[in-house]
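Here's data-v1.cif, which has mmCIF, C-alpha atoms:
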data_data
loop_
_atom_site.label_atom_id
_atom_site.label_comp_id
_atom_site.auth_asym_id
_atom_site.auth_seq_id
_atom_site.Cartn_x
_atom_site.Cartn_y
_atom_site.Cartn_z
CA MET A 1 108.30 60.24 96.02
CA LYS A 2 109.12 58.67 99.36
CA ASN A 3 107.93 60.49 102.44
CA ILE A 4 110.54 62.65 104.11
CA PRO A 5 109.46 63.66 107.59
CA LEU A 6 109.92 67.24 108.74
CA PRO A 7 113.35 67.39 110.45
CA ILE A 8 111.86 68.81 113.63
CA ASP A 9 115.08 68.52 115.64
CA ARG A 10 117.06 70.57 113.07
CA LEU A 11 114.60 73.40 112.36
CA LEU A 12 115.86 76.87 113.20
CA SER A 13 114.34 78.72 116.14
CA ARG A 14 112.46 81.96 115.48
CA ASP A 15 115.44 83.84 116.90
CA SER A 16 117.84 82.04 114.58
CA ILE A 17 115.72 82.99 111.57
CA ALA A 18 115.75 86.61 112.76
CA LYS A 19 119.50 86.54 113.28
CA ARG A 20 120.09 85.26 109.75
CA LEU A 21 117.67 87.73 108.19
CA ALA A 22 119.21 90.70 109.99
CA VAL A 23 122.48 90.11 108.12
CA ASP A 24 120.72 90.94 104.83
CA LEU A 25 119.61 94.42 105.93
CA GLN A 26 121.87 96.90 104.19
CA PRO A 27 123.33 99.93 105.99
CA ASP A 28 120.97 102.93 106.23
CA TRP A 29 117.96 101.02 104.95
CA VAL A 30 114.48 102.16 105.96
CA VAL A 31 112.75 98.96 107.08
CA ASN A 32 109.16 98.17 108.03
CA LEU A 33 108.45 95.21 110.31
CA GLY A 34 105.25 93.20 110.22
CA ILE A 35 103.69 92.10 113.48
CA GLY A 36 104.78 88.88 115.19
CA MET A 37 108.00 87.10 114.18
CA PRO A 38 109.45 89.98 112.08
CA THR A 39 109.79 92.16 115.20
CA LEU A 40 112.48 89.75 116.51
CA THR A 41 114.79 91.15 113.82
CA THR A 42 115.48 94.28 115.89
CA LYS A 43 117.34 92.12 118.44
CA TYR A 44 119.94 91.12 115.85
CA VAL A 45 120.53 94.32 113.90
CA LYS A 46 123.95 95.80 114.66
CA ALA A 47 124.37 99.48 115.53
CA GLU A 48 126.68 99.99 112.55
CA GLN A 49 123.90 98.92 110.18
CA ASP A 50 122.07 102.10 111.29
CA ILE A 51 118.69 100.75 110.16
CA VAL A 52 115.78 103.21 110.35
CA PHE A 53 112.71 101.24 111.38
CA HIS A 54 109.37 102.54 110.14
CA SER A 55 106.18 101.71 112.02
CA GLU A 56 102.97 102.15 110.04
CA ASN A 57 101.34 104.26 112.76
CA GLY A 58 103.60 107.18 111.89
CA ILE A 59 106.99 106.42 113.45
CA ILE A 60 110.13 106.88 111.35
CA GLY A 61 113.05 105.81 113.54
CA MET A 62 111.52 103.34 115.98
CA GLY A 63 113.77 102.13 118.78
CA PRO A 64 113.73 99.02 121.01
CA PRO A 65 111.18 98.33 123.74
CA PRO A 66 111.56 100.59 126.80
CA PRO A 67 112.07 99.49 130.39
CA ALA A 68 108.77 99.04 132.24
CA GLU A 69 109.04 102.38 134.05
CA SER A 70 109.17 104.40 130.81
CA GLN A 71 106.39 102.70 128.85
CA ASP A 72 104.09 105.25 127.22
CA ASP A 73 100.63 104.50 125.83
CA ASP A 74 101.24 107.06 123.09
CA LEU A 75 104.28 105.16 121.81
CA ARG A 76 103.56 101.67 120.56
CA ASP A 77 104.48 99.79 117.39
CA ALA A 78 102.18 98.33 114.73
CA GLY A 79 101.62 95.23 116.89
CA LYS A 80 100.64 97.51 119.80
CA ASN A 81 103.82 96.72 121.78
CA PHE A 82 105.60 99.53 123.62
CA CYS A 83 108.50 101.03 121.68
CA THR A 84 110.83 104.03 121.79
CA LEU A 85 112.23 106.62 119.39
CA ILE A 86 115.85 106.71 118.24
CA PRO A 87 117.71 110.06 118.25
CA GLY A 88 116.63 111.82 115.06
CA ALA A 89 113.28 110.05 114.82
CA ALA A 90 110.33 111.73 113.12
CA LEU A 91 106.57 111.40 113.65
CA VAL A 92 103.94 111.76 110.93
CA HIS A 93 100.23 111.09 110.61
CA HIS A 94 98.77 107.95 109.07
CA ALA A 95 98.30 109.22 105.51
CA ASP A 96 101.90 110.46 105.37
CA SER A 97 103.14 107.23 106.92
CA PHE A 98 101.60 105.24 104.08
CA SER A 99 102.77 107.77 101.49
CA LEU A 100 106.25 106.83 102.66
CA ALA A 101 105.46 103.14 102.11
CA ARG A 102 103.82 103.48 98.68
CA GLY A 103 106.05 106.31 97.58
CA GLY A 104 109.21 104.23 97.30
CA ARG A 105 110.97 105.23 100.53
CA LEU A 106 110.79 101.79 102.15
CA ASP A 107 113.89 99.83 101.26
CA CYS A 108 112.55 96.66 102.79
CA ALA A 109 109.52 95.18 104.52
CA ILE A 110 109.82 92.07 106.66
CA LEU A 111 106.46 90.35 106.69
CA GLY A 112 104.97 87.14 107.99
CA ALA A 113 103.24 84.92 105.41
CA PHE A 114 100.59 82.22 105.14
CA GLN A 115 101.84 81.41 101.62
CA VAL A 116 104.41 82.65 99.13
CA ALA A 117 104.22 81.67 95.45
CA ALA A 118 107.19 80.99 93.17
CA ASN A 119 106.57 84.29 91.33
CA GLY A 120 106.68 86.28 94.60
CA ASP A 121 102.95 86.58 95.21
CA LEU A 122 102.24 86.97 98.94
CA ALA A 123 99.27 85.77 101.00
CA ASN A 124 99.13 86.89 104.62
CA TRP A 125 95.77 88.50 105.36
CA ARG A 126 93.02 85.88 105.19
CA LEU A 127 92.94 82.12 105.47
CA PRO A 128 90.41 80.26 103.31
CA GLY A 129 87.30 79.78 105.42
CA ASP A 130 87.89 82.94 107.44
CA PRO A 131 85.04 85.23 106.37
CA THR A 132 86.81 88.53 107.06
CA GLY A 133 90.57 88.37 107.61
CA ASN A 134 92.80 91.23 108.74
CA ILE A 135 94.53 93.51 106.26
CA GLY A 136 96.05 96.22 108.42
CA GLY A 137 98.93 97.86 106.57
CA ALA A 138 100.15 94.71 104.80
CA MET A 139 98.76 95.41 101.32
CA ASP A 140 100.16 98.94 101.08
CA ILE A 141 103.51 97.98 102.58
CA ALA A 142 103.99 94.83 100.46
CA THR A 143 103.03 96.83 97.36
CA GLY A 144 105.34 99.74 98.10
CA ALA A 145 108.51 98.28 99.60
CA LYS A 146 111.47 97.77 97.24
CA GLU A 147 112.32 94.43 98.87
CA VAL A 148 109.85 92.19 100.68
CA PHE A 149 111.41 89.56 102.93
CA ALA A 150 108.96 86.85 103.97
CA MET A 151 109.81 85.44 107.40
CA MET A 152 107.97 82.31 108.37
CA THR A 153 107.96 78.64 109.23
CA HIS A 154 108.53 76.47 106.18
CA VAL A 155 105.28 74.51 106.66
CA ASN A 156 102.00 75.42 108.35
CA LYS A 157 100.49 73.88 111.49
CA ASN A 158 99.11 70.99 109.42
CA GLY A 159 102.53 70.29 107.94
CA GLU A 160 101.56 71.69 104.52
CA PRO A 161 104.20 73.63 102.53
CA LYS A 162 103.81 77.42 102.65
CA LEU A 163 105.99 77.88 99.57
CA THR A 164 103.85 76.95 96.60
CA GLU A 165 103.85 77.20 92.81
CA LYS A 166 100.73 79.41 92.86
CA LEU A 167 98.78 80.91 95.75
CA THR A 168 95.72 79.00 96.89
CA TYR A 169 95.00 81.60 99.61
CA PRO A 170 93.77 85.18 98.92
CA ALA A 171 96.61 87.43 97.74
CA THR A 172 97.96 90.39 99.70
CA ALA A 173 100.08 91.70 96.82
CA LEU A 174 101.40 90.21 93.58
CA SER A 175 105.06 89.57 92.65
CA CYS A 176 106.41 91.36 95.70
CA VAL A 177 108.41 88.84 97.77
CA THR A 178 112.11 88.91 96.92
CA ARG A 179 113.52 86.57 99.57
CA VAL A 180 112.13 83.97 101.97
CA PHE A 181 113.65 83.15 105.36
CA THR A 182 112.25 80.02 107.00
CA ASP A 183 113.19 77.56 109.72
CA MET A 184 114.64 75.32 106.98
CA ALA A 185 116.19 77.58 104.36
CA VAL A 186 116.94 80.91 102.73
CA ILE A 187 115.34 81.03 99.29
CA SER A 188 115.42 83.84 96.72
CA VAL A 189 112.54 84.55 94.36
CA THR A 190 114.00 84.97 90.87
CA ASP A 191 112.47 85.56 87.44
CA ASP A 192 112.92 81.83 87.05
CA GLY A 193 111.24 80.79 90.33
CA TYR A 194 112.71 79.73 93.66
CA LEU A 195 116.47 79.53 94.16
CA LEU A 196 117.58 77.60 97.25
CA GLU A 197 120.68 79.32 98.56
CA GLU A 198 121.12 78.27 102.17
CA THR A 199 119.83 75.47 104.37
CA ALA A 200 119.70 75.12 108.15
CA PRO A 201 122.67 73.11 109.43
CA GLY A 202 121.95 69.41 109.05
CA ILE A 203 119.05 69.90 106.63
CA SER A 204 119.53 68.76 103.03
CA ALA A 205 118.31 70.33 99.80
CA GLU A 206 116.26 67.16 99.28
CA GLU A 207 114.48 67.69 102.60
CA VAL A 208 113.72 71.36 101.77
CA GLN A 209 112.42 70.35 98.32
CA PHE A 210 110.12 67.69 99.80
CA HIS A 211 108.46 70.29 102.05
CA THR A 212 108.11 72.86 99.23
CA ASP A 213 105.24 72.74 96.72
CA ALA A 214 107.23 74.18 93.82
CA LYS A 215 110.43 73.32 92.04
CA LEU A 216 113.56 74.63 93.77
CA LYS A 217 116.63 75.41 91.76
CA VAL A 218 119.66 74.79 93.93
CA ALA A 219 122.42 77.40 94.00
CA ALA A 220 125.84 76.19 92.87
CA ASN A 221 127.28 77.47 96.14
CA LEU A 222 124.55 76.05 98.41
CA ARG A 223 125.72 76.57 101.98
CA ASP A 224 124.67 76.23 105.61
CA ILE A 225 122.90 79.12 107.27
CA ALA A 226 125.55 80.64 109.54
CA ALA A 227 124.61 79.91 113.14
CA MET B 1 85.72 134.26 117.93
CA LYS B 2 83.43 131.26 117.74
CA ASN B 3 83.15 129.42 121.05
CA LYS B 4 84.23 125.86 120.36
CA LYS B 5 84.72 124.82 123.95
CA ARG B 6 82.20 122.58 125.71
CA ASP B 7 82.26 121.87 129.42
CA SER B 8 81.24 118.24 129.35
CA ILE B 9 81.48 115.17 127.15
CA PRO B 10 77.67 115.00 126.64
CA ALA B 11 77.60 118.67 125.62
CA ALA B 12 80.46 118.10 123.17
CA LEU B 13 78.54 115.21 121.58
CA GLU B 14 75.32 117.16 121.03
CA ALA B 15 75.68 117.18 117.22
CA VAL B 16 75.85 113.39 116.81
CA GLN B 17 72.61 111.82 115.53
CA ASP B 18 71.10 108.44 114.68
CA GLY B 19 72.42 107.11 111.37
CA ASP B 20 75.59 109.21 111.35
CA THR B 21 78.91 108.02 109.97
CA VAL B 22 81.48 108.60 112.71
CA PHE B 23 85.30 108.46 112.56
CA PHE B 24 87.15 107.29 115.69
CA GLY B 25 90.78 108.38 115.85
CA GLY B 26 93.48 106.24 117.42
CA PHE B 27 95.68 103.23 116.84
CA GLY B 28 96.14 100.74 119.66
CA THR B 29 96.07 102.82 122.84
CA GLY B 30 97.44 106.04 121.31
CA GLY B 31 95.11 108.84 120.33
CA VAL B 32 91.84 107.03 121.02
CA PRO B 33 89.12 109.48 122.20
CA ILE B 34 87.95 107.11 124.92
CA ALA B 35 85.80 109.60 126.84
CA LEU B 36 83.98 110.66 123.65
CA ILE B 37 83.35 107.05 122.57
CA LYS B 38 82.00 106.20 126.04
CA GLY B 39 79.85 109.31 125.95
CA LEU B 40 78.57 108.29 122.51
CA THR B 41 77.67 104.85 123.89
CA ASP B 42 75.72 106.57 126.70
CA LYS B 43 73.70 108.51 124.09
CA LYS B 44 72.10 105.24 122.94
CA LEU B 45 71.93 106.15 119.26
CA SER B 46 71.16 103.68 116.48
CA GLY B 47 72.18 102.97 112.89
CA LEU B 48 75.71 104.36 113.22
CA THR B 49 78.49 103.56 110.76
CA ILE B 50 81.81 103.73 112.55
CA VAL B 51 85.22 104.05 110.92
CA SER B 52 88.23 103.03 112.98
CA ASN B 53 91.44 101.04 112.51
CA ASN B 54 90.15 98.22 114.73
CA ALA B 55 86.75 96.82 115.62
CA GLY B 56 87.29 96.69 119.35
CA ALA B 57 88.96 94.09 121.53
CA GLY B 58 87.66 92.28 124.62
CA HIS B 59 85.21 94.55 126.37
CA ASN B 60 87.00 97.80 125.61
CA THR B 61 85.43 101.08 124.59
CA ILE B 62 84.59 100.28 120.96
CA ALA B 63 83.49 96.74 121.81
CA THR B 64 81.04 98.11 124.39
CA LEU B 65 79.59 100.51 121.83
CA LEU B 66 79.13 97.62 119.37
CA GLN B 67 77.49 95.50 122.06
CA SER B 68 75.00 98.29 122.80
CA GLY B 69 73.49 97.79 119.33
CA ALA B 70 74.16 101.35 118.18
CA VAL B 71 76.29 100.33 115.19
CA LYS B 72 75.06 98.89 111.89
CA LYS B 73 78.35 98.96 109.99
CA VAL B 74 82.07 99.00 110.74
CA ILE B 75 84.67 100.25 108.26
CA CYS B 76 88.13 99.17 109.46
CA THR B 77 91.44 97.56 108.51
CA PHE B 78 91.93 94.95 111.22
CA PRO B 79 88.68 93.55 112.69
CA TYR B 80 90.14 90.66 114.66
CA SER B 81 92.35 91.42 117.60
CA ARG B 82 93.00 89.04 120.46
CA GLY B 83 89.65 88.64 122.14
CA SER B 84 87.55 90.70 119.72
CA VAL B 85 84.64 88.45 120.68
CA ILE B 86 81.88 91.06 120.56
CA PHE B 87 82.57 92.05 116.96
CA ASN B 88 82.87 88.35 116.04
CA ASP B 89 79.51 87.47 117.55
CA LEU B 90 77.71 90.42 115.94
CA TYR B 91 79.31 89.82 112.55
CA HIS B 92 78.64 86.10 112.48
CA SER B 93 75.02 86.57 113.55
CA GLY B 94 74.53 89.06 110.71
CA LYS B 95 73.86 92.01 113.03
CA ILE B 96 76.69 94.16 111.77
CA GLU B 97 78.19 94.87 108.34
CA LEU B 98 81.92 95.07 107.68
CA GLU B 99 83.86 96.97 105.03
CA LEU B 100 87.50 95.93 105.15
CA VAL B 101 89.97 98.50 103.81
CA PRO B 102 93.78 98.45 103.57
CA GLN B 103 95.20 100.84 106.16
CA GLY B 104 97.01 103.17 103.77
CA THR B 105 93.96 103.26 101.53
CA LEU B 106 91.74 104.13 104.49
CA ALA B 107 93.98 107.04 105.52
CA GLU B 108 94.30 108.29 101.93
CA ARG B 109 90.53 108.05 101.34
CA MET B 110 90.17 110.41 104.30
CA ARG B 111 92.87 112.77 103.07
CA ALA B 112 91.11 112.87 99.68
CA GLY B 113 87.76 113.39 101.39
CA GLY B 114 89.16 116.31 103.34
CA SER B 115 90.88 117.77 100.29
CA GLY B 116 87.97 118.23 97.91
CA LEU B 117 88.94 115.21 95.82
CA GLY B 118 86.66 112.45 94.62
CA GLY B 119 89.22 109.74 95.15
CA PHE B 120 92.68 108.63 94.11
CA LEU B 121 94.56 105.98 92.15
CA THR B 122 96.57 103.44 94.13
CA PRO B 123 98.61 100.33 93.30
CA THR B 124 97.51 98.82 96.63
CA GLY B 125 95.18 95.87 96.26
CA LEU B 126 95.87 95.21 92.55
CA GLY B 127 95.15 91.57 91.80
CA THR B 128 93.47 91.00 95.17
CA GLU B 129 89.87 90.71 96.39
CA ILE B 130 90.03 94.34 97.53
CA ALA B 131 90.23 95.58 93.93
CA GLU B 132 87.36 93.44 92.63
CA GLY B 133 84.58 95.54 91.12
CA LYS B 134 86.56 98.78 91.33
CA PRO B 135 87.62 100.70 88.20
CA HIS B 136 91.21 100.07 87.07
CA ILE B 137 92.92 102.99 85.36
CA ASP B 138 96.22 103.02 83.44
CA VAL B 139 98.48 106.04 83.83
CA ASP B 140 101.75 106.16 81.90
CA GLY B 141 101.78 102.40 81.50
CA LYS B 142 101.03 101.52 85.12
CA THR B 143 97.71 100.17 86.37
CA TYR B 144 96.02 101.60 89.44
CA VAL B 145 92.83 100.94 91.37
CA LEU B 146 90.37 103.80 91.80
CA GLU B 147 89.53 104.29 95.47
CA LYS B 148 86.83 106.77 96.41
CA ALA B 149 87.18 109.54 98.97
CA LEU B 150 85.68 108.90 102.39
CA ARG B 151 83.95 111.54 104.48
CA ALA B 152 81.99 111.33 107.72
CA ASP B 153 79.32 113.32 109.48
CA ILE B 154 81.34 113.38 112.68
CA ALA B 155 84.99 112.84 113.66
CA LEU B 156 85.78 111.99 117.26
CA ILE B 157 89.47 112.62 117.78
CA LYS B 158 91.95 112.94 120.63
CA ALA B 159 94.70 115.54 120.89
CA HIS B 160 97.16 116.75 123.50
CA ASN B 161 96.98 120.55 123.59
CA VAL B 162 94.32 122.90 122.26
CA ASP B 163 93.94 126.67 122.17
CA LEU B 164 90.85 128.87 121.88
CA ARG B 165 90.83 128.62 118.07
CA GLY B 166 90.89 124.82 118.24
CA ASN B 167 94.48 124.45 117.03
CA LEU B 168 95.73 121.01 118.07
CA THR B 169 98.98 119.23 118.84
CA TYR B 170 99.35 115.50 119.38
CA ARG B 171 101.76 113.52 121.57
CA LEU B 172 104.15 111.02 119.97
CA ALA B 173 102.39 108.31 117.94
CA ALA B 174 98.96 109.40 119.22
CA ARG B 175 98.74 111.50 116.06
CA ASN B 176 97.98 108.55 113.71
CA PHE B 177 94.55 108.89 112.01
CA ASN B 178 93.44 111.97 113.99
CA PRO B 179 94.62 114.73 111.59
CA VAL B 180 93.11 113.20 108.43
CA MET B 181 89.88 112.36 110.24
CA ALA B 182 89.58 115.98 111.42
CA MET B 183 89.96 117.12 107.80
CA ALA B 184 87.36 114.74 106.35
CA ALA B 185 84.38 115.19 108.68
CA GLU B 186 81.51 117.67 108.46
CA TYR B 187 81.87 118.21 112.20
CA THR B 188 84.99 117.41 114.26
CA ILE B 189 84.93 116.96 118.02
CA ALA B 190 88.27 116.83 119.83
CA GLN B 191 88.89 115.38 123.26
CA VAL B 192 92.02 117.10 124.57
CA SER B 193 94.32 116.69 127.54
CA ALA B 194 94.94 120.39 128.18
CA GLU B 195 94.00 123.88 127.00
CA VAL B 196 96.78 126.44 126.58
CA PRO B 197 96.52 130.23 126.12
CA LEU B 198 96.08 131.55 122.57
CA GLY B 199 99.51 132.05 121.02
CA GLU B 200 101.25 129.46 123.18
CA ILE B 201 101.23 126.83 120.42
CA ASP B 202 103.91 127.90 117.97
CA PRO B 203 102.17 128.36 114.58
CA GLU B 204 104.97 126.33 113.02
CA SER B 205 104.11 123.44 115.32
CA VAL B 206 100.32 123.25 114.94
CA HIS B 207 99.47 119.71 113.81
CA THR B 208 95.77 120.25 113.09
CA PRO B 209 94.74 123.87 112.41
CA GLY B 210 91.65 124.99 114.29
CA VAL B 211 89.70 125.46 111.05
CA TYR B 212 89.21 121.69 111.08
CA VAL B 213 87.95 121.59 114.67
CA ASP B 214 84.33 122.48 115.48
CA THR B 215 84.22 121.57 119.16
CA TYR B 216 86.66 120.63 121.87
CA VAL B 217 86.32 119.35 125.39
CA ILE B 218 88.96 118.83 128.04
CA ASP B 219 89.09 115.26 129.27
CA LYS B 220 88.72 115.55 133.04
CA GLY B 221 89.13 111.81 133.55
CA GLU B 222 85.55 111.10 134.60
CA TYR B 223 85.25 108.41 131.91
CA ASP B 224 88.47 106.64 132.94
CA GLU B 225 88.17 102.98 133.96
#
With the file now loaded, output its structure as structure tokens.
Amino acid sequence: MKNIPLPIDRLLSRDSIAKRLAVDLQPDWVVNLGIGMPTLTTKYVKAEQDIVFHSENGIIGMGPPPPAESQDDDLRDAGKNFCTLIPGAALVHHADSFSLARGGRLDCAILGAFQVAANGDLANWRLPGDPTGNIGGAMDIATGAKEVFAMMTHVNKNGEPKLTEKLTYPATALSCVTRVFTDMAVISVTDDGYLLEETAPGISAEEVQFHTDAKLKVAANLRDIAA
Amino acid sequence: MKNKKRDSIPAALEAVQDGDTVFFGGFGTGGVPIALIKGLTDKKLSGLTIVSNNAGAGHNTIATLLQSGAVKKVICTFPYSRGSVIFNDLYHSGKIELELVPQGTLAERMRAGGSGLGGFLTPTGLGTEIAEGKPHIDVDGKTYVLEKALRADIALIKAHNVDLRGNLTYRLAARNFNPVMAMAAEYTIAQVSAEVPLGEIDPESVHTPGVYVDTYVIDKGEYDE
């Protein structure tokens, strides 16, 4: 296959990925956000979606970051950033917070990923060669959430595809990812593997396929990601 | 009524000994018993196993304890934070052991430990390195991993208000691991912000009942940076 360079000038920004992903959050969903890029999603959720954000450290109904004068060391999110509570929020301890996650009350988790496999396996806690890694709440949350949206760049820093046929990195949870939002595409994980549904404006299905290490089926109604 | 109150951090820490397993409450900056951890560092103990969400960052409280050589093993969920150089150095030079545990599993192991249970069955970790070597048990057609209960000799926790019986309330997200740690330790020591008269904490609003608290000390700020 001829080399197709990464279309660097047409890749979506992190904010554009977040904006697209936010559209898929259904009204009244309880949603957990992983640390890093997933937290951008809160900027693009509309009030009428009435999303209840769960933070693993016991917050059900997390609100946006506060102004500097009302930051409180007792109120931070999973990534240790200052946050607030929405009206009607509830606070629980850690064991109850993870009961919520494993117990089927999380409609969706938005998680970063090192790799996603075509059967939905997720790797996001340890890179090969790292002797320890960081698990945090990722294993419980990926296992328990009804939908897991992986939010990530399409390739890693070395230009290698992060969407693969099988994981080559240590797994976080098996068969959990339902949809992948990258800087190139929106891809669903189906019983039959990856389904390419949307591409970033100006990026072709052929380009996405070249930078993906698994076969992509292309949706009949393949469309541009709405800007 | 048993006197649980101690007048100083060193007096509150009298029960902690070499070789103990010690829980540290807190997540990020919320609910971390900083004065107690600093006081523990000053005691210059050895052979401790500490259980905490993180393994210290930069030169903060937990990192300083690790650097002092008092700790032989860390049980945590997230060892690497930005600038967790002290843990890194100790781990890579083989001076400290690590047991990495998923966060929900860690909290549930404590709840089980404080509830008279030997362990619990969880779907978390199935098919991953975390489940290797652990019994897998099928219940009604679903497979689970057996995780054992976790108890400690000592819990160091932080709360907001306390009364004479040791009943505790927590502020906001400072609750985190503190209640389950208090349940699962042989001896629980609480660093609190304020003491209120008996009866002032509404019984319906007690977060940790005093039966789980052996000792409390009011943080007077002398260990602040």
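Note that atom CA of B:Leu90 and atom CA of B:Ala107 are 25.5 Å apart.
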Atom-to-atom span, atom CA of A:Asn158 and atom CA of A:Asp213, Å: 14.2 Å
Can you spell out as a PyMOL selection string the set of residues that the PyMOL selection byres ((chain A and resi 114-131) around 7) selects in the structure I just provided? chain A and resi 112-113+132-135+162-167+169-178+189+193-194+214
Could you write those residues out with C-alpha atoms, as a CSV table (one decimal), keeping the file's coordinate frame?
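Saved the output as again33.csv:
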chain,number,residue,atom,x,y,z
A,112,GLY,CA,105.0,87.1,108.0
A,113,ALA,CA,103.2,84.9,105.4
A,132,THR,CA,86.8,88.5,107.1
A,133,GLY,CA,90.6,88.4,107.6
A,134,ASN,CA,92.8,91.2,108.7
A,135,ILE,CA,94.5,93.5,106.3
A,162,LYS,CA,103.8,77.4,102.6
A,163,LEU,CA,106.0,77.9,99.6
A,164,THR,CA,103.8,77.0,96.6
A,165,GLU,CA,103.8,77.2,92.8
A,166,LYS,CA,100.7,79.4,92.9
A,167,LEU,CA,98.8,80.9,95.8
A,169,TYR,CA,95.0,81.6,99.6
A,170,PRO,CA,93.8,85.2,98.9
A,171,ALA,CA,96.6,87.4,97.7
A,172,THR,CA,98.0,90.4,99.7
A,173,ALA,CA,100.1,91.7,96.8
A,174,LEU,CA,101.4,90.2,93.6
A,175,SER,CA,105.1,89.6,92.6
A,176,CYS,CA,106.4,91.4,95.7
A,177,VAL,CA,108.4,88.8,97.8
A,178,THR,CA,112.1,88.9,96.9
A,189,VAL,CA,112.5,84.6,94.4
A,193,GLY,CA,111.2,80.8,90.3
A,194,TYR,CA,112.7,79.7,93.7
A,214,ALA,CA,107.2,74.2,93.8
Residue neighbourhood stretch 34-38 of chain A, 7 Å, all atoms listed in the file, exclusion window fewer than 5 positions, as a PDB file with C-alpha atoms, in the coordinates of the input:
ATOM      1  CA  ARG A  14     112.460  81.960 115.480  1.00  0.00           C
ATOM      2  CA  ALA A  78     102.180  98.330 114.730  1.00  0.00           C
ATOM      3  CA  GLY A  79     101.620  95.230 116.890  1.00  0.00           C
ATOM      4  CA  ILE A 110     109.820  92.070 106.660  1.00  0.00           C
ATOM      5  CA  LEU A 111     106.460  90.350 106.690  1.00  0.00           C
ATOM      6  CA  GLY A 112     104.970  87.140 107.990  1.00  0.00           C
ATOM      7  CA  MET A 151     109.810  85.440 107.400  1.00  0.00           C
TER       8      MET A 151
END
Check every residue of chain A for an atom within 7 Å of chain B, counting all atoms listed in the file, and provide those that qualify as a ChimeraX atom specification. /A:57-59,73-75,80,91,93-95,98,134-137,139-140,143,170-174
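Across the structure, atom CA of A:Val208 and atom CA of A:Asp9 are spaced 14.2 Å apart.
Here, the PyMOL selection byres ((chain A and resi 153) around 6) matches Met152, His154, Val155, Thr182 and Asp183 of chain A.
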Written as a list in words, what is the full residue list that the PyMOL selection byres ((chain B and resi 135-146) around 7) yields on the file shown? Gly119, Phe120, Leu121, Thr122, Pro123, Leu126, Ala131, Gly133, Lys134, Glu147 and Lys148 of chain B
Can you tell me, as a ChimeraX atom specification, what residues are no more than 10 Å from A:Ser70 when counting all atoms listed in the file, ignoring any on the same chain fewer than 5 positions away? /A:65,82-84
Ref. answer, residues at most 6 Å from (80.6, 117.2, 111.8) with only C-alpha atoms, as an MDAnalysis selection string: chainID B and resid 153:154 185:188
Residues as selected, C-alpha atoms, written as a PDB file, in the coordinates of the input, can you do that?
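part-v6.pdb written:
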ATOM      1  CA  ASP B 153      79.320 113.320 109.480  1.00  0.00           C
ATOM      2  CA  ILE B 154      81.340 113.380 112.680  1.00  0.00           C
ATOM      3  CA  ALA B 185      84.380 115.190 108.680  1.00  0.00           C
ATOM      4  CA  GLU B 186      81.510 117.670 108.460  1.00  0.00           C
ATOM      5  CA  TYR B 187      81.870 118.210 112.200  1.00  0.00           C
ATOM      6  CA  THR B 188      84.990 117.410 114.260  1.00  0.00           C
TER       7      THR B 188
END
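Candidate residues A:Asn221, A:Asp77, A:Gly63, A:Ile4 were compared for distance to A:Ala89, and the nearest is A:Gly63, using all atoms listed in the file.
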Residues near A:Leu222, cut-off 7 Å, only C-alpha atoms, skip fewer than 2 positions along chain, as a list in words: Glu197, Glu198, Val218, Ala219 and Ala220 of chain A
For C-alpha atoms, I'd like the residues from the last selection saved as a short mmCIF file (atom, residue, chain, number, x, y, z; two decimals), in the coordinates of the input.
data_model
loop_
_atom_site.label_atom_id
_atom_site.label_comp_id
_atom_site.auth_asym_id
_atom_site.auth_seq_id
_atom_site.Cartn_x
_atom_site.Cartn_y
_atom_site.Cartn_z
CA GLU A 197 120.68 79.32 98.56
CA GLU A 198 121.12 78.27 102.17
CA VAL A 218 119.66 74.79 93.93
CA ALA A 219 122.42 77.40 94.00
CA ALA A 220 125.84 76.19 92.87
#
Given 5 Å on each side, where is the centre and what are the edge lengths in Å to one decimal of the axis-aligned box enclosing the listed atoms of stretch 128-137 of chain A, as JSON?
{"center_x": 92.0, "center_y": 88.8, "center_z": 106.0, "size_x": 23.9, "size_y": 28.1, "size_z": 15.4}
Contact residues around B:Pro197 with all atoms listed in the file at 12 Å, ignoring same-chain residues under 3 positions, as a PyMOL selection string: chain B and resi 161-167+194+200-202
Name the residues within 10 Å of (72.8, 106.3, 121.6), counting all atoms listed in the file in the file's coordinates, and put them as a ChimeraX atom specification. /B:16-18,39-48,65,68-71
Find the residues around A:Lys146 up to 8 Å (all atoms listed in the file counted), leave out those fewer than 4 positions away in its own chain, and share them as number ranges by chain. A: 104, 106-109
Just write the chosen residues, C-alpha atoms, as an mmCIF file, keeping the file's coordinate frame.
data_model
loop_
_atom_site.group_PDB
_atom_site.id
_atom_site.type_symbol
_atom_site.label_atom_id
_atom_site.label_comp_id
_atom_site.auth_asym_id
_atom_site.auth_seq_id
_atom_site.Cartn_x
_atom_site.Cartn_y
_atom_site.Cartn_z
ATOM 1 C CA GLY A 104 109.210 104.230 97.300
ATOM 2 C CA LEU A 106 110.790 101.790 102.150
ATOM 3 C CA ASP A 107 113.890 99.830 101.260
ATOM 4 C CA CYS A 108 112.550 96.660 102.790
ATOM 5 C CA ALA A 109 109.520 95.180 104.520
#
